[in-house]
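Novice: The file below is query.csv, CSV, C-alpha atoms (C1' of nucleotides):
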```
chain,number,residue,atom,x,y,z
L,1,MET,CA,-13.2,13.2,-16.3
L,2,ALA,CA,-11.0,10.6,-18.0
L,3,GLY,CA,-11.1,6.9,-17.3
L,4,LEU,CA,-8.0,5.0,-16.3
L,5,HIS,CA,-7.3,3.6,-19.7
L,6,GLU,CA,-7.7,6.9,-21.4
L,7,LEU,CA,-5.2,8.4,-19.0
L,8,LEU,CA,-2.7,5.6,-19.4
L,9,ALA,CA,-3.0,5.9,-23.2
L,10,GLU,CA,-2.3,9.6,-23.0
L,11,LEU,CA,0.8,9.0,-20.8
L,12,ASP,CA,1.9,6.1,-22.9
L,13,GLY,CA,5.6,5.4,-22.3
L,14,ALA,CA,5.9,7.6,-19.2
L,15,GLU,CA,7.6,6.4,-16.1
L,16,ALA,CA,5.5,5.2,-13.1
L,17,ALA,CA,6.8,8.3,-11.1
L,18,THR,CA,5.2,10.5,-13.8
L,19,ILE,CA,1.9,8.7,-13.8
L,20,ALA,CA,1.5,8.2,-10.1
L,21,PRO,CA,0.8,11.9,-9.2
L,22,ARG,CA,-1.7,12.0,-12.1
L,23,LEU,CA,-3.8,9.5,-10.2
L,24,LEU,CA,-4.1,11.6,-7.1
L,25,GLY,CA,-7.5,13.1,-6.6
L,26,GLY,CA,-9.1,10.5,-8.9
L,27,VAL,CA,-11.9,8.3,-7.7
L,28,LEU,CA,-11.5,4.6,-7.5
L,29,SER,CA,-14.8,2.6,-7.4
L,30,VAL,CA,-14.8,-0.9,-6.1
L,31,VAL,CA,-17.6,-3.5,-5.7
L,32,GLY,CA,-16.0,-5.5,-2.8
L,33,ALA,CA,-15.9,-9.2,-2.5
L,34,ASP,CA,-18.9,-8.9,-0.2
L,35,GLY,CA,-20.9,-7.0,-2.9
L,36,ALA,CA,-20.9,-3.5,-1.3
L,37,LEU,CA,-19.8,-0.5,-3.3
L,38,VAL,CA,-17.3,2.0,-2.0
L,39,ARG,CA,-15.8,5.0,-3.8
L,40,LEU,CA,-12.4,6.4,-2.7
L,41,ARG,CA,-10.7,9.6,-3.7
L,42,LEU,CA,-7.0,8.8,-3.8
L,43,THR,CA,-4.8,11.0,-1.6
L,44,GLU,CA,-1.6,9.1,-1.4
L,45,VAL,CA,0.3,6.7,-3.8
L,46,GLU,CA,3.7,5.3,-4.5
L,47,ALA,CA,5.4,4.6,-7.9
L,48,TYR,CA,7.3,1.5,-8.4
L,49,GLY,CA,9.6,1.2,-11.5
L,50,GLY,CA,10.3,-1.8,-13.6
L,51,ALA,CA,12.7,-4.8,-13.6
L,52,GLY,CA,16.3,-3.9,-13.2
L,53,VAL,CA,15.4,-0.2,-12.6
L,54,ASP,CA,13.9,0.1,-9.1
L,55,PRO,CA,15.5,-1.9,-6.3
L,56,GLY,CA,12.4,-1.2,-4.1
L,57,ALA,CA,10.0,-2.8,-6.6
L,58,HIS,CA,8.7,-6.4,-6.4
L,59,SER,CA,9.5,-6.5,-10.1
L,60,PHE,CA,13.2,-5.6,-9.7
L,61,ARG,CA,14.5,-9.1,-10.2
L,62,GLY,CA,12.2,-10.0,-13.0
L,63,PRO,CA,8.9,-12.0,-13.2
L,64,THR,CA,8.0,-14.5,-10.5
L,65,ARG,CA,4.9,-16.2,-9.5
L,66,ARG,CA,3.8,-13.4,-7.2
L,67,ASN,CA,4.5,-10.4,-9.3
L,68,ALA,CA,3.3,-11.9,-12.6
L,69,THR,CA,0.5,-9.4,-12.9
L,70,MET,CA,2.9,-6.4,-12.8
L,71,PHE,CA,4.4,-7.7,-16.1
L,72,GLY,CA,1.0,-8.1,-17.7
L,73,PRO,CA,-1.1,-5.4,-19.4
L,74,PRO,CA,-1.6,-2.0,-17.8
L,75,GLY,CA,-4.9,-1.0,-16.2
L,76,ARG,CA,-5.1,-4.1,-14.0
L,77,LEU,CA,-5.0,-4.5,-10.2
L,78,TYR,CA,-1.8,-6.1,-8.8
L,79,VAL,CA,-2.8,-7.4,-5.4
L,80,TYR,CA,-0.3,-9.1,-3.1
L,81,PHE,CA,-0.2,-10.6,0.4
L,82,THR,CA,2.5,-9.5,2.9
L,83,TYR,CA,3.6,-9.7,6.6
L,84,GLY,CA,1.6,-12.9,6.9
L,85,MET,CA,-1.7,-11.0,7.2
L,86,HIS,CA,-2.0,-7.9,5.0
L,87,VAL,CA,-3.2,-7.3,1.4
L,88,CYS,CA,-2.1,-4.3,-0.7
L,89,ALA,CA,-3.1,-3.2,-4.1
L,90,ASN,CA,-1.4,-1.5,-7.1
L,91,ILE,CA,-2.5,-0.3,-10.4
L,92,VAL,CA,-0.3,-1.7,-13.2
L,93,VAL,CA,0.7,1.4,-15.3
L,94,GLY,CA,3.5,0.2,-17.6
L,95,ALA,CA,3.3,-1.6,-20.9
L,96,GLU,CA,3.2,-5.4,-20.9
L,97,GLY,CA,6.6,-6.8,-19.9
L,98,VAL,CA,7.9,-3.7,-18.1
L,99,GLY,CA,6.7,-4.4,-14.6
L,100,THR,CA,5.7,-0.9,-13.2
L,101,GLY,CA,2.9,-0.1,-10.9
L,102,VAL,CA,1.4,2.4,-8.5
L,103,LEU,CA,0.7,1.3,-4.9
L,104,LEU,CA,-2.6,2.7,-3.6
L,105,ARG,CA,-1.6,4.0,-0.1
L,106,ALA,CA,-4.5,6.0,1.1
L,107,GLY,CA,-7.7,7.8,0.2
L,108,GLU,CA,-10.9,9.5,1.4
L,109,VAL,CA,-14.1,7.4,1.3
L,110,VAL,CA,-16.6,9.5,-0.8
L,111,GLU,CA,-19.3,6.9,-1.1
L,112,GLY,CA,-20.2,3.7,0.8
L,113,LEU,CA,-19.2,5.0,4.2
L,114,GLU,CA,-21.3,2.5,6.0
L,115,ALA,CA,-19.8,-0.5,4.1
L,116,ALA,CA,-16.3,0.9,4.7
L,117,ARG,CA,-17.0,1.3,8.4
L,118,ALA,CA,-18.3,-2.2,8.7
L,119,ARG,CA,-15.2,-3.6,7.1
L,120,ARG,CA,-12.9,-1.5,9.3
L,121,LEU,CA,-14.3,-2.0,12.7
L,122,GLY,CA,-11.9,-0.4,15.1
L,123,ALA,CA,-11.2,2.7,13.0
L,124,ARG,CA,-11.5,5.7,15.4
L,125,ASP,CA,-12.4,8.2,12.7
L,126,ASP,CA,-13.6,8.1,9.1
L,127,SER,CA,-10.2,9.6,8.0
L,128,GLU,CA,-8.6,6.4,9.2
L,129,LEU,CA,-10.7,4.1,7.1
L,130,ALA,CA,-8.3,3.9,4.2
L,131,ARG,CA,-5.2,5.6,5.7
L,132,GLY,CA,-2.5,3.1,4.8
L,133,PRO,CA,-2.3,0.5,2.0
L,134,ALA,CA,-3.6,-2.5,4.0
L,135,ARG,CA,-6.4,-0.5,5.5
L,136,LEU,CA,-7.3,0.8,2.1
L,137,THR,CA,-7.8,-2.7,0.6
L,138,ARG,CA,-9.8,-3.7,3.6
L,139,ALA,CA,-12.1,-0.6,3.4
L,140,LEU,CA,-12.7,-1.3,-0.3
L,141,GLY,CA,-13.2,-5.0,0.1
L,142,ILE,CA,-10.3,-5.9,-2.2
L,143,VAL,CA,-9.0,-9.4,-1.7
L,144,LEU,CA,-6.1,-11.5,-2.9
L,145,GLY,CA,-8.4,-13.1,-5.5
L,146,ASP,CA,-8.7,-9.7,-7.2
L,147,ASP,CA,-5.1,-9.9,-8.4
L,148,GLY,CA,-5.1,-9.4,-12.2
L,149,ALA,CA,-8.6,-7.9,-12.3
L,150,ARG,CA,-9.2,-5.3,-15.0
L,151,ILE,CA,-10.1,-1.8,-14.0
L,152,GLY,CA,-13.0,-0.8,-16.2
L,153,GLN,CA,-16.2,1.0,-15.3
L,154,VAL,CA,-18.6,0.4,-12.4
L,155,PRO,CA,-21.0,-0.8,-13.4
L,156,PRO,CA,-20.8,-3.3,-15.1
L,157,ASP,CA,-17.2,-4.0,-13.9
L,158,ARG,CA,-16.3,-4.4,-10.2
L,159,PHE,CA,-13.4,-1.9,-10.5
L,160,GLY,CA,-13.3,1.5,-12.0
L,161,PHE,CA,-11.3,4.7,-11.9
L,162,GLU,CA,-12.1,8.3,-13.0
L,163,ALA,CA,-9.2,10.8,-13.1
L,164,ALA,CA,-9.6,14.3,-11.6
L,165,PRO,CA,-6.5,16.5,-12.2
L,166,VAL,CA,-5.0,18.2,-9.1
L,167,PRO,CA,-2.9,21.4,-9.3
L,168,PRO,CA,0.8,20.5,-8.9
L,169,GLN,CA,1.2,22.8,-6.0
L,170,ARG,CA,-1.1,20.7,-3.9
L,171,ILE,CA,1.0,17.6,-4.4
L,172,ALA,CA,4.1,16.8,-2.4
L,173,ASN,CA,6.6,13.9,-2.8
L,174,GLY,CA,9.3,12.1,-0.7
L,175,PRO,CA,10.8,8.8,0.0
L,176,ARG,CA,8.6,5.7,0.0
L,177,THR,CA,7.3,4.3,3.2
L,178,GLY,CA,8.5,1.0,4.7
L,179,VAL,CA,10.9,0.2,1.8
L,180,SER,CA,14.3,-1.3,2.8
L,181,GLY,CA,17.6,-0.6,1.1
L,182,PRO,CA,18.4,2.0,-1.5
L,183,GLY,CA,14.8,1.8,-2.9
L,184,GLY,CA,13.6,3.5,0.3
L,185,SER,CA,16.2,6.3,0.1
L,186,ASP,CA,16.0,9.9,-1.2
L,187,ALA,CA,17.2,8.5,-4.5
L,188,PHE,CA,13.6,7.3,-5.1
L,189,PRO,CA,11.3,10.1,-3.9
L,190,TRP,CA,8.4,8.3,-5.5
L,191,ARG,CA,5.8,8.7,-2.7
L,192,PHE,CA,3.2,11.3,-3.7
L,193,TRP,CA,0.4,12.8,-1.5
L,194,LEU,CA,-2.1,15.6,-1.3
L,195,VAL,CA,-0.7,18.3,1.0
L,196,GLY,CA,-2.6,18.7,4.2
L,197,ASP,CA,-5.1,15.9,3.6
L,198,PRO,CA,-6.1,14.2,6.8
L,199,THR,CA,-6.3,10.8,5.2
L,200,VAL,CA,-2.6,10.7,4.2
L,201,SER,CA,-0.7,8.1,6.2
L,202,PRO,CA,2.2,9.0,8.4
L,203,TYR,CA,5.7,8.3,7.0
L,204,ARG,CA,7.4,5.2,8.5
L,205,ALA,CA,10.9,4.2,7.6
L,206,HIS,CA,11.7,0.5,7.1
L,207,ARG,CA,12.1,-1.4,10.3
L,208,PRO,CA,14.4,-4.4,10.4
L,209,ARG,CA,13.0,-7.6,11.9
L,210,ALA,CA,13.5,-8.0,15.6
L,211,ARG,CA,15.4,-11.0,16.9
C,1,DC,C1',3.6,12.7,21.8
C,2,DA,C1',7.3,8.8,20.2
C,3,DT,C1',9.1,4.3,20.0
C,4,DT,C1',8.7,-0.6,20.0
C,5,DA,C1',7.2,-5.5,20.2
C,6,DG,C1',4.4,-8.9,18.4
C,7,DA,C1',1.5,-11.0,15.1
C,8,DT,C1',1.9,-14.4,11.1
C,9,DC,C1',2.8,-16.9,6.5
C,10,DG,C1',3.8,-16.9,1.4
C,11,DT,C1',7.6,-16.1,-1.4
C,12,DC,C1',12.1,-16.3,-3.0
C,13,DT,C1',17.1,-17.5,-2.0
O,1,DG,C1',15.6,-20.0,6.5
O,2,DA,C1',14.9,-15.0,6.4
O,3,DC,C1',12.2,-11.3,5.5
O,4,DG,C1',8.8,-8.3,4.1
O,5,DA,C1',5.6,-1.9,-0.4
O,6,DT,C1',2.0,-3.3,7.5
O,7,DC,C1',-1.0,-2.6,11.6
O,8,DT,C1',-2.3,-2.5,16.4
O,9,DA,C1',-1.6,-2.4,21.2
O,10,DA,C1',1.3,-1.3,24.7
O,11,DT,C1',4.9,1.2,26.9
O,12,DG,C1',7.8,5.3,27.8
O,13,DA,C1',8.9,10.5,28.0
```
How does this structure look as structure tokens?
Specialist:
Amino acid sequence: MAGLHELLAELDGAEAATIAPRLLGGVLSVVGADGALVRLRLTEVEAYGGAGVDPGAHSFRGPTRRNATMFGPPGRLYVYFTYGMHVCANIVVGAEGVGTGVLLRAGEVVEGLEAARARRLGARDDSELARGPARLTRALGIVLGDDGARIGQVPPDRFGFEAAPVPPQRIANGPRTGVSGPGGSDAFPWRFWLVGDPTVSPYRAHRPRAR
DNA sequence: CATTAGATCGTCT
DNA sequence: GACGATCTAATGA
């Protein structure tokens, strides 16, 4: 099993859409803001390209206050707040200044079930604990203050990742969920998931704001 | 089962 | 001032 930084070094210069599927099946370890440890096997991710390349990416129009971490060194967490109430997390995968990341959309809790359940009261089934990007951060105890944190090894770090290669035939891909405009079209089929896994979130097209 | 309304606020235009 | 890389509950078929 390779750590995140080894994997990123091996794929140096590759596009986010090439790196994203390589993260599937890998195990993300997080010591949450409340101190409890949860390990999650990634089952669904989305790749986001760099500035001027990917109209669906936060980094498309260049660096801003919010997306600064995307333009920093790879192997860090890019955590952002959205819809007035939700937190989502990415792994920065491109070189410094490029602005690429992989959104962590869903996974299977493989350790720390009790902590994850406690953080996700209301989940009807364990497969729902981290089925969706905002649910995932909640199950793992990732908070806004974790933006920019380095993903190393747990312990001693609070965040870690171990890759676990998955056969290509078990991976499917398609348009990204909830992305408006051309970035959410078939032109960017950069959502990747493990075929048939119950923790993969349902696809939802972007919905324009109601009046 | 599918579709929709409402929640709620930081960020960028 | 408009709008989200979303989620839940409620309503309709």
Novice: Which chain O residues have any atom within 12 Å of an atom of chain L, and for each, what is the nearest pair of atoms with distance in Å to one decimal, counting only C-alpha atoms (C1' of nucleotides), rows sorted by chain and number, as a Markdown table?
Specialist:
```
| residue | atom | partner | partner_atom | distance |
| --- | --- | --- | --- | --- |
| O:DA2 | C1' | L:Arg209 | CA | 9.4 |
| O:DC3 | C1' | L:Arg209 | CA | 7.4 |
| O:DG4 | C1' | L:Tyr83 | CA | 5.9 |
| O:DA5 | C1' | L:Val179 | CA | 6.1 |
| O:DT6 | C1' | L:His86 | CA | 6.6 |
| O:DC7 | C1' | L:Ala134 | CA | 8.0 |
| O:DT8 | C1' | L:Gly122 | CA | 9.9 |
```
Novice: Quick check, in Å to one decimal: how far apart do atom CA of Ser185 of chain L and atom CA of Gly52 of chain L lie?
Specialist: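 Separating atom CA of Ser185 of chain L from atom CA of Gly52 of chain L is a distance of 16.8 Å.
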Novice: Show me, as JSON lines, the residues of chain C having an atom within 8 Å of chain L, each with the closest atom pair and its distance in Å, using all atoms listed in the file.
Specialist:
```
{"residue": "C:DT8", "atom": "C1'", "partner": "L:Gly84", "partner_atom": "CA", "distance": 4.5}
{"residue": "C:DC9", "atom": "C1'", "partner": "L:Gly84", "partner_atom": "CA", "distance": 4.2}
{"residue": "C:DG10", "atom": "C1'", "partner": "L:Gly84", "partner_atom": "CA", "distance": 7.1}
{"residue": "C:DT11", "atom": "C1'", "partner": "L:Arg66", "partner_atom": "CA", "distance": 7.4}
```
Novice: Can you write out the residues you just picked, keeping C-alpha atoms (C1' of nucleotides), as a PDB file, keeping the file's coordinate frame?
Specialist:
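What follows is the written file again.pdb:
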```
ATOM      1  C1'  DT C   8       1.900 -14.400  11.100  1.00  0.00           C
ATOM      2  C1'  DC C   9       2.800 -16.900   6.500  1.00  0.00           C
ATOM      3  C1'  DG C  10       3.800 -16.900   1.400  1.00  0.00           C
ATOM      4  C1'  DT C  11       7.600 -16.100  -1.400  1.00  0.00           C
TER       5       DT C  11
END
```
Novice: As an exercise, work out the distance from atom CA of Pro74 of chain L to atom C1' of DT13 of chain C in Å and give it to one decimal place.
Specialist: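 Rounded to one decimal, the two atoms are 29.0 Å apart.
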